[in-house]
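*Asks:* Provided below: work35.pdb, containing PDB, C-alpha atoms, pLDDT in the B column.
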ATOM      1  CA  MET A 167      -0.998  -4.273 -13.441  1.00 64.00           C
ATOM      2  CA  VAL A 168      -2.849  -4.145 -10.136  1.00 73.00           C
ATOM      3  CA  ASP A 169      -4.435  -7.411  -8.954  1.00 84.00           C
ATOM      4  CA  TYR A 170      -7.815  -5.935  -8.011  1.00 89.00           C
ATOM      5  CA  GLU A 171      -9.202  -9.198  -6.650  1.00 93.00           C
ATOM      6  CA  LYS A 172      -6.323  -9.559  -4.195  1.00 95.00           C
ATOM      7  CA  TYR A 173      -6.891  -6.038  -2.883  1.00 96.00           C
ATOM      8  CA  ARG A 174     -10.663  -6.416  -2.893  1.00 97.00           C
ATOM      9  CA  GLN A 175     -10.363  -9.510  -0.695  1.00 97.00           C
ATOM     10  CA  ARG A 176      -7.949  -7.732   1.663  1.00 97.00           C
ATOM     11  CA  LEU A 177     -10.254  -4.714   1.888  1.00 98.00           C
ATOM     12  CA  LEU A 178     -13.310  -6.875   2.546  1.00 97.00           C
ATOM     13  CA  SER A 179     -11.417  -8.753   5.244  1.00 97.00           C
ATOM     14  CA  MET A 180     -10.285  -5.471   6.817  1.00 96.00           C
ATOM     15  CA  LYS A 181     -13.848  -4.161   6.663  1.00 97.00           C
ATOM     16  CA  GLN A 182     -15.156  -7.218   8.485  1.00 97.00           C
ATOM     17  CA  GLU A 183     -12.435  -7.053  11.163  1.00 94.00           C
ATOM     18  CA  LEU A 184     -12.821  -3.311  11.676  1.00 94.00           C
ATOM     19  CA  SER A 185     -16.605  -3.535  11.860  1.00 93.00           C
ATOM     20  CA  ALA A 186     -16.354  -6.220  14.531  1.00 93.00           C
ATOM     21  CA  ARG A 187     -13.783  -4.184  16.473  1.00 89.00           C
ATOM     22  CA  VAL A 188     -15.839  -0.982  16.280  1.00 90.00           C
ATOM     23  CA  ASP A 189     -18.969  -2.858  17.371  1.00 89.00           C
ATOM     24  CA  ALA A 190     -17.119  -4.368  20.343  1.00 86.00           C
ATOM     25  CA  VAL A 191     -15.649  -1.035  21.419  1.00 83.00           C
ATOM     26  CA  GLU A 192     -18.976   0.761  21.060  1.00 80.00           C
ATOM     27  CA  SER A 193     -20.692  -1.989  23.025  1.00 82.00           C
ATOM     28  CA  ASP A 194     -18.078  -1.688  25.751  1.00 74.00           C
ATOM     29  CA  LEU A 195     -18.458   2.100  25.810  1.00 70.00           C
ATOM     30  CA  HIS A 196     -22.225   1.751  26.046  1.00 71.00           C
ATOM     31  CA  HIS A 197     -21.943  -0.639  28.993  1.00 68.00           C
ATOM     32  CA  ARG A 198     -19.550   1.734  30.743  1.00 61.00           C
ATOM     33  CA  GLN A 199     -22.163   4.463  30.985  1.00 60.00           C
ATOM     34  CA  GLN A 200     -22.427   3.900  34.701  1.00 63.00           C
ATOM     35  CA  PRO A 201     -21.984   6.434  37.482  1.00 66.00           C
ATOM     36  CA  LEU A 202     -18.365   7.004  38.399  1.00 61.00           C
ATOM     37  CA  ASP A 203     -16.963   5.235  41.411  1.00 62.00           C
ATOM     38  CA  LYS A 204     -16.814   7.272  44.634  1.00 69.00           C
ATOM     39  CA  ASP A 205     -13.090   6.591  44.971  1.00 68.00           C
ATOM     40  CA  PHE A 206     -11.099   9.326  43.186  1.00 65.00           C
ATOM     41  CA  GLU A 207      -8.382   6.935  41.960  1.00 74.00           C
ATOM     42  CA  GLU A 208     -11.006   4.573  40.611  1.00 67.00           C
ATOM     43  CA  GLN A 209     -12.743   7.491  38.849  1.00 61.00           C
ATOM     44  CA  ALA A 210      -9.467   8.476  37.207  1.00 73.00           C
ATOM     45  CA  GLN A 211      -8.966   4.905  35.992  1.00 68.00           C
ATOM     46  CA  GLN A 212     -12.531   4.712  34.677  1.00 67.00           C
ATOM     47  CA  LEU A 213     -12.163   7.988  32.789  1.00 66.00           C
ATOM     48  CA  GLU A 214      -8.803   6.937  31.347  1.00 74.00           C
ATOM     49  CA  ASN A 215     -10.313   3.658  30.144  1.00 71.00           C
ATOM     50  CA  GLU A 216     -13.166   5.530  28.472  1.00 75.00           C
ATOM     51  CA  GLU A 217     -10.716   7.875  26.746  1.00 80.00           C
ATOM     52  CA  VAL A 218      -8.732   4.932  25.398  1.00 80.00           C
ATOM     53  CA  LEU A 219     -11.891   3.197  24.175  1.00 77.00           C
ATOM     54  CA  SER A 220     -13.136   6.413  22.555  1.00 78.00           C
ATOM     55  CA  ALA A 221      -9.806   6.864  20.754  1.00 80.00           C
ATOM     56  CA  LEU A 222      -9.910   3.252  19.521  1.00 82.00           C
ATOM     57  CA  ASP A 223     -13.476   3.780  18.329  1.00 80.00           C
ATOM     58  CA  GLU A 224     -12.572   6.957  16.425  1.00 89.00           C
ATOM     59  CA  GLU A 225      -9.538   5.328  14.823  1.00 92.00           C
ATOM     60  CA  GLY A 226     -11.544   2.248  13.841  1.00 90.00           C
ATOM     61  CA  LEU A 227     -14.325   4.341  12.334  1.00 92.00           C
ATOM     62  CA  SER A 228     -11.811   6.457  10.397  1.00 95.00           C
ATOM     63  CA  VAL A 229     -10.015   3.459   8.893  1.00 95.00           C
ATOM     64  CA  LEU A 230     -13.348   1.735   8.191  1.00 96.00           C
ATOM     65  CA  ALA A 231     -14.501   4.812   6.252  1.00 96.00           C
ATOM     66  CA  GLN A 232     -11.254   4.763   4.239  1.00 97.00           C
ATOM     67  CA  VAL A 233     -11.705   1.055   3.487  1.00 97.00           C
ATOM     68  CA  ASN A 234     -15.281   1.696   2.308  1.00 97.00           C
ATOM     69  CA  GLN A 235     -14.074   4.557   0.107  1.00 98.00           C
ATOM     70  CA  ALA A 236     -11.397   2.301  -1.395  1.00 98.00           C
ATOM     71  CA  LEU A 237     -14.035  -0.317  -2.196  1.00 97.00           C
ATOM     72  CA  GLN A 238     -16.156   2.397  -3.835  1.00 98.00           C
ATOM     73  CA  ARG A 239     -13.166   3.553  -5.896  1.00 97.00           C
ATOM     74  CA  MET A 240     -12.649  -0.046  -6.938  1.00 96.00           C
ATOM     75  CA  GLU A 241     -16.266  -0.336  -8.078  1.00 96.00           C
ATOM     76  CA  ALA A 242     -15.874   2.921 -10.010  1.00 96.00           C
ATOM     77  CA  GLY A 243     -12.674   1.707 -11.673  1.00 94.00           C
ATOM     78  CA  ALA A 244     -10.548   4.334  -9.906  1.00 95.00           C
ATOM     79  CA  TYR A 245      -8.777   2.107  -7.372  1.00 96.00           C
ATOM     80  CA  GLY A 246      -5.004   2.520  -7.329  1.00 95.00           C
ATOM     81  CA  ILE A 247      -5.187   6.001  -8.818  1.00 96.00           C
ATOM     82  CA  CYS A 248      -4.139   8.973  -6.675  1.00 97.00           C
ATOM     83  CA  THR A 249      -7.172  11.128  -5.921  1.00 97.00           C
ATOM     84  CA  ALA A 250      -4.987  14.243  -5.805  1.00 97.00           C
ATOM     85  CA  CYS A 251      -2.734  14.033  -8.874  1.00 97.00           C
ATOM     86  CA  GLY A 252      -4.150  11.124 -10.899  1.00 96.00           C
ATOM     87  CA  ALA A 253      -0.910   9.132 -10.873  1.00 96.00           C
ATOM     88  CA  GLU A 254      -0.919   5.394 -10.366  1.00 96.00           C
ATOM     89  CA  ILE A 255      -0.349   4.368  -6.747  1.00 96.00           C
ATOM     90  CA  PRO A 256       2.533   1.856  -6.639  1.00 95.00           C
ATOM     91  CA  GLU A 257       1.616  -1.690  -5.625  1.00 95.00           C
ATOM     92  CA  ALA A 258       4.152  -1.548  -2.795  1.00 95.00           C
ATOM     93  CA  ARG A 259       2.079   1.270  -1.256  1.00 96.00           C
ATOM     94  CA  LEU A 260      -1.177  -0.622  -1.818  1.00 97.00           C
ATOM     95  CA  ASP A 261       0.399  -3.698  -0.227  1.00 96.00           C
ATOM     96  CA  ALA A 262       1.226  -1.627   2.861  1.00 95.00           C
ATOM     97  CA  VAL A 263      -1.984   0.449   2.892  1.00 96.00           C
ATOM     98  CA  PRO A 264      -4.622  -1.163   0.648  1.00 97.00           C
ATOM     99  CA  TYR A 265      -7.052   1.696   1.273  1.00 97.00           C
ATOM    100  CA  ALA A 266      -4.535   4.384   0.219  1.00 97.00           C
ATOM    101  CA  SER A 267      -6.087   7.125  -1.860  1.00 97.00           C
ATOM    102  CA  LEU A 268      -2.903   9.127  -2.387  1.00 97.00           C
ATOM    103  CA  CYS A 269       0.414   8.297  -4.023  1.00 95.00           C
ATOM    104  CA  VAL A 270       3.517   8.578  -1.855  1.00 94.00           C
ATOM    105  CA  GLN A 271       4.375  12.092  -3.048  1.00 95.00           C
ATOM    106  CA  CYS A 272       0.873  13.464  -2.445  1.00 96.00           C
ATOM    107  CA  ALA A 273       0.625  11.715   0.932  1.00 95.00           C
ATOM    108  CA  GLU A 274       3.951  13.265   1.991  1.00 94.00           C
ATOM    109  CA  ALA A 275       2.775  16.680   0.821  1.00 94.00           C
ATOM    110  CA  ALA A 276      -0.495  16.284   2.731  1.00 92.00           C
ATOM    111  CA  ASP A 277       1.385  15.352   5.913  1.00 89.00           C
ATOM    112  CA  SER A 278       3.610  18.420   5.800  1.00 87.00           C
TER     113      SER A 278
END
Would you mind writing the file out in structure tokens?

*Replies:*
Amino acid sequence: MVDYEKYRQRLLSMKQELSARVDAVESDLHHRQQPLDKDFEEQAQQLENEEVLSALDEEGLSVLAQVNQALQRMEAGAYGICTACGAEIPEARLDAVPYASLCVQCAEAADS
């Protein structure tokens, strides 16, 4: 039987950490909205930094959304149940990815 409280605490902790990370990245991106340096090499470095920050922001927002969805599934009594096939998601998978919405087989099928 799934220990919902253990996973709820992990998800809430992840949510807090991800929210802080997303806020920090977005703040950094906002502060970087300055004109580009006149030096071409410096411009390239500035643009590369912005691309990295944007990618981190997108990844953080994506995982945060998945964490929020997992918490909603938990509230609805559907946590640990594959949203594609209805099978129980093994605890080993939930230990690795507590916001998983798919069982291993459905996740593999979705990736291919």

*Asks:* If the PyMOL selection byres ((chain A and resi 227-239) around 9) were run on this exact file, what residues would it hold? Put them as a list in words.

*Replies:*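 This file gives the following for the PyMOL selection byres ((chain A and resi 227-239) around 9): Arg174, Leu177, Leu178, Met180, Lys181, Leu184, Ser185, Val188, Leu222, Asp223, Glu224, Glu225, Gly226, Met240, Glu241, Ala242, Gly243, Ala244, Tyr245, Gly246, Ile247, Pro264, Tyr265, Ala266 and Ser267 of chain A.
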
*Asks:* So what do you get for atom CA of Glu192 of chain A versus atom CA of Ala221 of chain A, distance-wise?

*Replies:* 11.0 Å

*Asks:* In Å, rounded to a single decimal, give me how far atom CA of Ala273 of chain A is from atom CA of Ala253 of chain A.

*Replies:* 12.2 Å

*Asks:* Counting only C-alpha atoms, which residues sit no farther than 6 Å from the position (3.5, 4.8, -0.8) in the file's frame? I'd like them as a VMD selection string.

*Replies:* chain A and resid 259 269 to 270

*Asks:* Just the number, please: distance in Å from atom CA of Ala275 of chain A to atom CA of Ala262 of chain A, one decimal.

*Replies:*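 About the pair atom CA of Ala275 of chain A and atom CA of Ala262 of chain A: they are 18.5 Å apart.
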
*Asks:* Which residues, named as in the file, does the PyMOL selection byres ((chain A and resi 249) around 6) pick out? Answer as a PyMOL selection string.

*Replies:* chain A and resi 248+250+252+267-268
